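Trainee: Structure file data18.tsv (TSV, C-alpha atoms) is given on the next line.
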chain	number	residue	atom	x	y	z
A	72	MET	CA	0.00	0.00	0.00
A	73	ASN	CA	1.58	3.21	-1.09
A	74	ILE	CA	0.33	5.48	1.66
A	75	ASN	CA	2.35	8.57	2.34
A	76	TYR	CA	2.26	8.60	6.14
A	77	LYS	CA	3.94	11.96	6.30
A	78	ASN	CA	0.93	13.47	4.60
A	79	ILE	CA	-1.36	11.93	7.17
A	80	ILE	CA	0.72	13.37	10.00
A	81	ALA	CA	0.90	16.73	8.25
A	82	VAL	CA	-2.85	16.99	7.67
A	83	THR	CA	-3.64	15.92	11.22
A	84	SER	CA	-1.11	18.26	12.82
A	85	VAL	CA	-2.10	21.27	10.75
A	86	SER	CA	-5.75	20.61	11.53
A	87	ILE	CA	-5.10	20.43	15.26
A	88	LEU	CA	-3.07	23.61	15.07
A	89	LEU	CA	-5.87	25.36	13.24
A	90	GLY	CA	-8.30	24.08	15.83
A	91	LEU	CA	-6.26	25.38	18.76
A	92	THR	CA	-5.71	28.74	17.09
A	93	TYR	CA	-9.35	29.19	16.17
A	94	ASN	CA	-10.41	28.18	19.67
A	95	PHE	CA	-8.05	30.72	21.16
A	96	LEU	CA	-9.53	33.51	19.05
A	97	ASP	CA	-13.13	32.34	19.32
A	98	PRO	CA	-15.28	34.22	21.85
A	99	ASN	CA	-17.13	30.91	22.26
A	100	GLY	CA	-13.83	29.14	22.78
A	101	ILE	CA	-13.37	26.58	25.53
A	102	PRO	CA	-10.44	25.98	27.90
A	103	ILE	CA	-8.01	23.46	26.50
A	104	ILE	CA	-7.88	21.47	29.72
A	105	ARG	CA	-11.40	20.85	30.90
A	106	THR	CA	-11.96	20.97	34.64
A	107	GLU	CA	-14.98	20.35	36.74
A	108	SER	CA	-16.69	23.27	38.33
A	109	GLU	CA	-15.95	23.37	42.01
A	110	ILE	CA	-18.86	22.34	44.19
A	111	VAL	CA	-19.24	24.57	47.18
A	112	PHE	CA	-21.89	24.03	49.80
A	113	GLU	CA	-23.67	27.16	50.79
A	114	THR	CA	-23.25	27.89	54.50
A	115	GLN	CA	-26.45	28.20	56.45
A	116	ASN	CA	-26.53	31.90	57.12
A	117	ASP	CA	-25.93	33.41	53.73
A	118	VAL	CA	-27.94	31.24	51.40
A	119	PHE	CA	-29.70	34.17	49.86
A	120	GLU	CA	-27.46	37.01	50.80
A	121	ASP	CA	-26.69	39.03	47.72
A	122	SER	CA	-23.19	38.18	46.66
A	123	ALA	CA	-21.43	40.57	44.37
A	124	GLU	CA	-18.74	38.12	43.32
A	125	ASP	CA	-19.08	36.25	40.10
A	126	ASN	CA	-19.11	32.62	41.05
A	127	SER	CA	-19.27	31.22	37.56
A	128	GLY	CA	-16.52	28.70	38.24
A	129	GLN	CA	-18.36	27.45	41.25
A	130	ILE	CA	-21.45	25.43	41.73
A	131	ARG	CA	-23.22	26.48	44.87
A	132	ALA	CA	-24.95	23.48	46.33
A	133	LEU	CA	-27.71	23.19	48.88
A	134	THR	CA	-28.69	20.48	51.33
A	135	THR	CA	-32.21	19.10	51.57
A	136	ASP	CA	-32.83	21.02	54.79
A	137	GLN	CA	-31.90	24.31	53.18
A	138	VAL	CA	-33.95	23.51	50.11
A	139	TYR	CA	-37.00	22.55	52.14
A	140	ALA	CA	-36.78	25.78	54.14
A	141	ILE	CA	-36.62	27.77	50.92
A	142	PHE	CA	-39.49	25.74	49.53
A	143	THR	CA	-41.75	26.42	52.49
A	144	ASN	CA	-40.91	30.11	52.40
A	145	LYS	CA	-41.56	30.19	48.65
A	146	GLU	CA	-38.33	32.12	48.17
A	147	ALA	CA	-37.10	30.51	44.96
A	148	ARG	CA	-38.17	28.99	41.66
A	149	PHE	CA	-37.45	25.31	41.27
A	150	VAL	CA	-36.19	23.93	37.98
A	151	ASP	CA	-36.37	20.20	37.28
A	152	GLY	CA	-33.76	19.19	34.70
A	153	ARG	CA	-35.04	15.66	34.09
A	154	ASP	CA	-37.01	14.59	31.04
A	155	SER	CA	-40.74	15.28	30.88
A	156	TRP	CA	-41.81	11.73	31.69
A	157	ASP	CA	-39.89	11.62	34.96
A	158	PHE	CA	-41.17	15.10	35.71
A	159	ALA	CA	-44.78	14.08	35.16
A	160	ASP	CA	-44.37	11.09	37.45
A	161	GLY	CA	-43.50	13.37	40.32
A	162	HIS	CA	-41.67	16.62	41.00
A	163	ILE	CA	-41.20	19.27	43.63
A	164	PRO	CA	-44.46	21.25	43.73
A	165	GLY	CA	-44.28	24.36	41.59
A	166	ALA	CA	-41.17	23.25	39.77
A	167	ILE	CA	-40.66	24.13	36.13
A	168	ASN	CA	-39.51	21.34	33.84
A	169	ILE	CA	-36.57	22.23	31.66
A	170	PRO	CA	-35.20	18.94	30.30
A	171	GLU	CA	-31.46	19.42	30.15
A	172	TYR	CA	-30.86	16.88	27.39
A	173	LYS	CA	-32.60	19.05	24.85
A	174	PHE	CA	-31.90	22.41	26.36
A	175	THR	CA	-31.20	25.35	24.07
A	176	PRO	CA	-31.01	29.05	24.91
A	177	GLN	CA	-34.32	29.42	23.03
A	178	ASP	CA	-36.17	27.05	25.35
A	179	PRO	CA	-39.66	28.51	25.86
A	180	SER	CA	-39.72	27.50	29.55
A	181	LEU	CA	-37.09	30.16	30.17
A	182	LYS	CA	-39.82	32.76	29.71
A	183	LEU	CA	-41.21	31.61	33.03
A	184	LEU	CA	-38.03	32.68	34.77
A	185	ASP	CA	-36.82	36.15	35.49
A	186	LYS	CA	-33.09	36.85	35.44
A	187	ASN	CA	-33.36	38.15	38.99
A	188	ASP	CA	-35.16	35.10	40.31
A	189	LYS	CA	-33.52	32.85	42.79
A	190	ILE	CA	-33.38	29.50	41.06
A	191	ILE	CA	-32.73	26.03	42.43
A	192	VAL	CA	-31.96	23.35	39.89
A	193	TYR	CA	-32.27	19.66	40.63
A	194	CYS	CA	-32.26	16.35	38.80
A	195	GLU	CA	-32.43	12.72	39.82
A	196	GLY	CA	-29.90	12.92	42.62
A	197	ASN	CA	-26.29	12.78	43.56
A	198	GLN	CA	-24.98	10.90	40.58
A	199	CYS	CA	-26.52	12.99	37.86
A	200	GLU	CA	-24.58	15.75	36.15
A	201	VAL	CA	-27.73	17.20	34.66
A	202	SER	CA	-28.44	19.73	37.39
A	203	LYS	CA	-24.86	21.03	37.40
A	204	ARG	CA	-24.84	21.39	33.64
A	205	LEU	CA	-28.21	23.06	33.52
A	206	ALA	CA	-27.20	25.44	36.28
A	207	GLY	CA	-24.10	26.28	34.27
A	208	GLU	CA	-26.18	26.94	31.18
A	209	LEU	CA	-28.53	29.21	33.09
A	210	LYS	CA	-25.65	31.17	34.53
A	211	LYS	CA	-24.20	31.62	31.06
A	212	LEU	CA	-27.51	33.10	29.97
A	213	GLY	CA	-27.37	35.66	32.74
A	214	TYR	CA	-29.36	34.08	35.55
A	215	LYS	CA	-27.10	35.08	38.39
A	216	LYS	CA	-28.80	33.46	41.35
A	217	VAL	CA	-28.63	29.79	40.57
A	218	TRP	CA	-28.11	27.02	43.08
A	219	VAL	CA	-28.01	23.29	42.70
A	220	TYR	CA	-29.88	20.89	44.93
A	221	LEU	CA	-27.55	17.93	44.70
A	222	GLY	CA	-29.69	15.50	46.71
A	223	GLY	CA	-32.23	15.90	43.97
A	224	TRP	CA	-35.47	14.12	43.45
A	225	GLN	CA	-34.19	10.98	45.14
A	226	GLU	CA	-33.51	12.62	48.48
A	227	TRP	CA	-36.66	14.72	48.36
A	228	TRP	CA	-38.68	11.58	47.75
A	229	GLU	CA	-36.89	9.57	50.43
A	230	MET	CA	-37.54	12.28	53.00
A	231	LYS	CA	-41.23	12.06	52.04
A	232	LEU	CA	-41.45	15.76	51.29
A	233	PRO	CA	-44.43	17.15	49.38
A	234	ILE	CA	-44.63	16.19	45.72
A	235	GLU	CA	-46.76	17.06	42.74
A	236	LYS	CA	-47.66	14.94	39.74
A	237	ASP	CA	-48.98	15.74	36.30
A	238	GLU	CA	-51.79	13.67	34.89
B	24	MET	CA	-16.98	-4.92	-11.37
B	25	LYS	CA	-13.61	-3.49	-10.65
B	26	ASN	CA	-13.86	-1.29	-13.72
B	27	ILE	CA	-17.15	0.13	-12.56
B	28	LEU	CA	-15.85	0.85	-9.09
B	29	SER	CA	-12.68	2.41	-10.48
B	30	ASN	CA	-14.70	4.72	-12.68
B	31	LYS	CA	-13.37	8.26	-12.26
B	32	TYR	CA	-16.82	9.80	-11.99
B	33	LEU	CA	-17.96	7.34	-9.39
B	34	ILE	CA	-14.87	7.97	-7.31
B	35	LEU	CA	-15.41	11.69	-7.68
B	36	LEU	CA	-18.98	11.28	-6.53
B	37	SER	CA	-17.85	9.38	-3.44
B	38	ARG	CA	-15.25	12.01	-2.71
B	39	ILE	CA	-17.76	14.82	-3.01
B	40	ILE	CA	-20.40	13.13	-0.87
B	41	LEU	CA	-17.98	12.13	1.86
B	42	GLY	CA	-16.11	15.44	1.68
B	43	PHE	CA	-19.21	17.58	2.07
B	44	ILE	CA	-20.61	15.48	4.88
B	45	PHE	CA	-17.36	15.84	6.80
B	46	ILE	CA	-17.03	19.55	6.10
B	47	PHE	CA	-20.58	20.15	7.24
B	48	ALA	CA	-20.17	17.97	10.33
B	49	GLY	CA	-16.94	19.74	11.22
B	50	ILE	CA	-18.32	23.24	10.80
B	51	GLU	CA	-21.29	22.49	13.04
B	52	LYS	CA	-18.93	21.41	15.79
B	53	ILE	CA	-16.55	24.33	15.32
B	54	ALA	CA	-19.50	26.67	15.74
B	55	ALA	CA	-20.46	25.18	19.13
B	56	PRO	CA	-17.42	23.64	20.80
B	57	GLU	CA	-18.93	23.45	24.28
B	58	ASN	CA	-21.92	21.52	22.94
B	59	PHE	CA	-19.62	19.09	21.20
B	60	ALA	CA	-17.51	18.65	24.34
B	61	VAL	CA	-20.68	17.86	26.31
B	62	ALA	CA	-21.77	15.40	23.61
B	63	ILE	CA	-18.44	13.60	23.91
B	64	SER	CA	-18.70	13.57	27.70
B	65	ASN	CA	-22.04	11.78	27.39
B	66	TYR	CA	-20.22	8.74	26.05
B	67	ARG	CA	-18.43	8.50	29.40
B	68	ILE	CA	-15.27	7.11	27.85
B	69	PHE	CA	-12.69	9.89	27.73
B	70	PRO	CA	-11.25	11.48	30.89
B	71	LEU	CA	-12.68	14.89	31.76
B	72	PHE	CA	-9.48	16.84	31.16
B	73	SER	CA	-9.14	15.53	27.60
B	74	LEU	CA	-12.65	16.37	26.41
B	75	ASN	CA	-11.96	19.89	25.24
B	76	ILE	CA	-8.77	19.02	23.38
B	77	ILE	CA	-10.71	16.36	21.49
B	78	ALA	CA	-13.63	18.70	20.91
B	79	VAL	CA	-11.36	21.33	19.43
B	80	SER	CA	-9.23	19.00	17.26
B	81	ILE	CA	-11.59	16.54	15.65
B	82	PRO	CA	-13.81	19.03	13.80
B	83	TRP	CA	-10.86	20.67	12.10
B	84	ILE	CA	-9.49	17.31	11.01
B	85	GLU	CA	-12.93	16.64	9.53
B	86	VAL	CA	-13.08	19.94	7.69
B	87	VAL	CA	-9.52	19.90	6.37
B	88	SER	CA	-9.57	16.29	5.18
B	89	GLY	CA	-13.04	16.86	3.70
B	90	ILE	CA	-11.81	19.83	1.68
B	91	LEU	CA	-8.66	18.05	0.54
B	92	LEU	CA	-10.69	15.01	-0.47
B	93	ILE	CA	-13.02	17.07	-2.63
B	94	PHE	CA	-10.13	18.83	-4.30
B	95	GLY	CA	-8.32	15.56	-4.88
B	96	ILE	CA	-5.27	16.31	-2.78
B	97	SER	CA	-3.70	13.26	-1.13
B	98	ILE	CA	-6.83	11.27	-1.78
B	99	LYS	CA	-5.53	8.03	-0.36
B	100	GLU	CA	-4.16	9.61	2.81
B	101	ASN	CA	-7.31	11.62	3.49
B	102	SER	CA	-9.47	8.58	2.95
B	103	VAL	CA	-7.34	6.85	5.60
B	104	ILE	CA	-7.90	9.74	8.00
B	105	ILE	CA	-11.62	9.86	7.33
B	106	GLY	CA	-11.91	6.09	7.42
B	107	THR	CA	-10.14	5.92	10.75
B	108	LEU	CA	-12.40	8.60	12.21
B	109	MET	CA	-15.48	6.79	10.93
B	110	ILE	CA	-14.38	3.48	12.40
B	111	VAL	CA	-13.66	5.07	15.77
B	112	PHE	CA	-16.99	6.94	15.74
B	113	THR	CA	-18.91	3.81	14.84
B	114	PHE	CA	-17.15	1.86	17.55
B	115	LEU	CA	-18.04	4.55	20.11
B	116	VAL	CA	-21.68	4.57	19.04
B	117	LEU	CA	-21.77	0.79	19.28
B	118	THR	CA	-20.32	0.73	22.78
B	119	ALA	CA	-22.74	3.44	23.87
B	120	LEU	CA	-25.61	1.44	22.47
B	121	LEU	CA	-24.46	-1.73	24.23
B	122	ARG	CA	-24.10	0.14	27.51
B	123	GLY	CA	-27.64	1.40	27.19
B	124	LEU	CA	-26.70	5.07	26.93
B	125	ASP	CA	-29.61	7.03	25.48
B	126	ILE	CA	-27.57	9.95	24.23
B	127	ASP	CA	-27.19	12.27	21.25
B	128	CYS	CA	-24.58	10.94	18.88
B	129	GLY	CA	-22.89	14.34	18.60
B	130	CYS	CA	-22.17	13.60	14.96
B	131	PHE	CA	-23.06	17.10	13.84
B	132	GLY	CA	-22.51	18.91	17.12
B	133	THR	CA	-25.67	18.52	19.20
B	134	SER	CA	-28.13	20.60	17.25
B	135	ASP	CA	-30.27	18.02	15.52
B	136	GLY	CA	-30.70	15.46	18.26
B	137	GLN	CA	-29.58	12.42	16.29
B	138	LYS	CA	-29.53	9.64	18.80
B	139	VAL	CA	-27.17	6.77	19.35
B	140	GLY	CA	-28.78	3.66	17.87
B	141	ILE	CA	-28.85	0.99	15.19
B	142	VAL	CA	-29.83	3.52	12.54
B	143	LYS	CA	-26.78	5.65	13.27
B	144	ILE	CA	-24.55	2.59	13.08
B	145	ILE	CA	-25.99	1.62	9.73
B	146	GLU	CA	-25.50	5.16	8.43
B	147	ASN	CA	-21.90	5.07	9.60
B	148	ILE	CA	-21.27	1.73	7.94
B	149	GLY	CA	-22.55	3.28	4.73
B	150	LEU	CA	-20.02	6.07	5.06
B	151	ILE	CA	-17.26	3.58	5.81
B	152	LEU	CA	-18.15	1.73	2.62
B	153	ILE	CA	-17.93	4.95	0.64
B	154	THR	CA	-14.53	5.62	2.21
B	155	LEU	CA	-13.39	2.10	1.35
B	156	HIS	CA	-14.53	2.65	-2.21
B	157	ILE	CA	-12.24	5.63	-2.52
B	158	TYR	CA	-9.37	3.99	-0.71
B	159	LEU	CA	-9.38	0.79	-2.72
B	160	PHE	CA	-10.40	1.92	-6.17
B	161	ASN	CA	-9.04	5.41	-6.64
B	162	GLN	CA	-6.58	5.43	-9.51
B	163	ASN	CA	-6.14	8.56	-11.53
B	164	SER	CA	-9.01	10.62	-10.26
B	165	PHE	CA	-9.97	14.18	-11.06
B	166	LYS	CA	-7.73	16.55	-9.25
B	167	LEU	CA	-7.31	20.22	-8.55
B	168	GLU	CA	-5.91	21.10	-11.96
B	169	ASN	CA	-9.38	20.96	-13.58
Would you mind writing the file's structure down as structure tokens?

Mentor:
Amino acid sequence: MNINYKNIIAVTSVSILLGLTYNFLDPNGIPIIRTESEIVFETQNDVFEDSAEDNSGQIRALTTDQVYAIFTNKEARFVDGRDSWDFADGHIPGAINIPEYKFTPQDPSLKLLDKNDKIIVYCEGNQCEVSKRLAGELKKLGYKKVWVYLGGWQEWWEMKLPIEKDE
Amino acid sequence: MKNILSNKYLILLSRIILGFIFIFAGIEKIAAPENFAVAISNYRIFPLFSLNIIAVSIPWIEVVSGILLIFGISIKENSVIIGTLMIVFTFLVLTALLRGLDIDCGCFGTSDGQKVGIVKIIENIGLILITLHIYLFNQNSFKLEN
């Protein structure tokens, strides 16, 4: 087989170089080494204190106790990132369903949220990345007050907290 | 049979089809690198730190080799590159399918919601066959000097 391997190496290398260069110049560019956003648990006292710092690299997480307190005081909007079937089977009362797997910035459910709302995003539970990703997406769109309820639907359900179903 | 498959026009057709598919696929991913990185992460194969490097490299390899293929530059070598990519992609889709991952294939970025599944595998096999056609039967094809 008369394959010129040098050409293969050349095409591949030039392409990668172009990719890195374009990414560097691209306003939508992404960091070359991907890291996970740091998960920081919100301390009890300042859950809803207005923080001026931009915490975009951080995910601020809440425990079930904190979330339940916020829920009873009706202080925040809840966003359920699971798909619509899971949502219909049971969700936190008053939650809005924004399925993360098909999320786009044009998602009509976003109209139900105000950029100044306090938003708590949850998904199935501790193992799912969906709530973290969705929270990240919301923050990118300018929703500044976004928290993640890591315990998610699983913990809420296990603690027998109030639920709502769709028919 | 061999004469039909070696036909210059047929080879050119394969090159154009494959080339444009790859250029289009690459451009979609270049336009939305974060989406592509997330699509790759859904396969749960590559380590987190490597996702963005992959997401930034692969689309440009697709575009460049697609363009070169259409223009008839290093046809054999670019068919090897494209063929290798296609085999790797198909393998990844297959493993995702076997592991029960219900995810977007990420073949054209995320935009169109093509899912991992048998259909995608069959489509990919089709593309691999087209690539093989070029690789095995290209002789003195149309090139840039036209």

Trainee: At a cut-off of 9 Å, which residues of chain A touch chain B? Count all atoms listed in the file and give the answer as a ChimeraX atom specification.

Mentor: /A:73-76,78-79,82-91,93-94,99-107,172-173,175

Trainee: Please report the interatomic distance between CA of Asp125 in chain B and CA of Lys210 in chain A in Å with one decimal.

Mentor: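 Going from CA of Asp125 in chain B over to CA of Lys210 in chain A covers 26.1 Å.
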
Trainee: Between A:Asp160, A:Asp178, A:Asp136, A:Glu113, which is the closest to Leu212 in chain A once you count only C-alpha atoms?

Mentor: A:Asp178

Trainee: Env of Phe160 in chain B: 12 Å cut, atoms = all atoms listed in the file, seq-sep filter 4 positions within chain, self excluded. Answer as a list in words.

Mentor: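 That gives Met24, Lys25, Asn26, Ile27, Leu28, Ser29, Asn30, Lys31, Tyr32, Leu33, Ile34, Leu35, Ser37, Arg38, Ile98, Lys99, Ser102, Leu152, Ile153, Thr154, Leu155, His156 and Ser164 of chain B.
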
Trainee: Using only C-alpha atoms and a cutoff of 6 Å, can you tell me which residues are near (-25.7, 4.3, 17.8) in the file's coordinates, and write them out as a PyMOL selection string?

Mentor: chain B and resi 116-117+120+139-141+143-144

Trainee: So which one's closest to Lys182 in chain A, A:Ile167, A:Val138, A:Trp156, A:Gly223? Using all atoms listed in the file, please.

Mentor: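 Closest to Lys182 in chain A of all the choices is A:Ile167.
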
Trainee: Using all atoms listed in the file for the distances, tell me which of B:Phe94, B:Phe112, B:Phe69, B:Phe131 is nearest to Leu36 in chain B.

Mentor: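 That would be B:Phe94, the residue with the smallest distance to Leu36 in chain B.
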
Trainee: So the first atom is CA of Gln225 in chain A and the second is CA of Pro170 in chain A; what is the distance between them in Å, to one decimal place?

Mentor: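 Going from CA of Gln225 in chain A over to CA of Pro170 in chain A, I get 16.9 Å.
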
Trainee: Box time for range 87-104 of chain A: axis-aligned, enclosing all its listed atoms, 8 Å extra on each side; report centre and edge lengths in Å to one decimal, as JSON.

Mentor:
{"center_x": -10.1, "center_y": 27.3, "center_z": 21.5, "size_x": 30.1, "size_y": 29.8, "size_z": 32.5}

Trainee: Can you work out the spacing between CA of Ile163 in chain A and CA of Gln129 in chain A in Å, to one decimal?

Mentor: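 For CA of Ile163 in chain A relative to CA of Gln129 in chain A, the distance reads 24.4 Å.
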
Trainee: So that I can see what lies close to Ala159 in chain A, please list as an mmCIF file with C-alpha atoms, keeping the file's coordinate frame the residues with an atom at most 12 Å from it, counting all atoms listed in the file and leaving out residues fewer than 6 positions away in the same chain.

Mentor:
data_model
loop_
_atom_site.group_PDB
_atom_site.id
_atom_site.type_symbol
_atom_site.label_atom_id
_atom_site.label_comp_id
_atom_site.auth_asym_id
_atom_site.auth_seq_id
_atom_site.Cartn_x
_atom_site.Cartn_y
_atom_site.Cartn_z
ATOM 1 C CA ASP A 151 -36.370 20.200 37.280
ATOM 2 C CA ARG A 153 -35.040 15.660 34.090
ATOM 3 C CA ALA A 166 -41.170 23.250 39.770
ATOM 4 C CA ILE A 167 -40.660 24.130 36.130
ATOM 5 C CA ASN A 168 -39.510 21.340 33.840
ATOM 6 C CA PRO A 170 -35.200 18.940 30.300
ATOM 7 C CA ILE A 234 -44.630 16.190 45.720
ATOM 8 C CA GLU A 235 -46.760 17.060 42.740
ATOM 9 C CA LYS A 236 -47.660 14.940 39.740
ATOM 10 C CA ASP A 237 -48.980 15.740 36.300
ATOM 11 C CA GLU A 238 -51.790 13.670 34.890
#

Trainee: Quick one: everything within 10 Å of Leu133 in chain A, counting all atoms listed in the file, minus sequence neighbours fewer than 5 positions away in the same chain. Send it as a PyMOL selection string.

Mentor: chain A and resi 111-115+118+138-139+191-192+218-223

Trainee: Within 6 Å of Gly42 in chain B, counting only C-alpha atoms, which residues show up once you throw out same-chain ones fewer than 5 positions away? Write them as a ChimeraX atom specification, please.

Mentor: /B:89,92-93
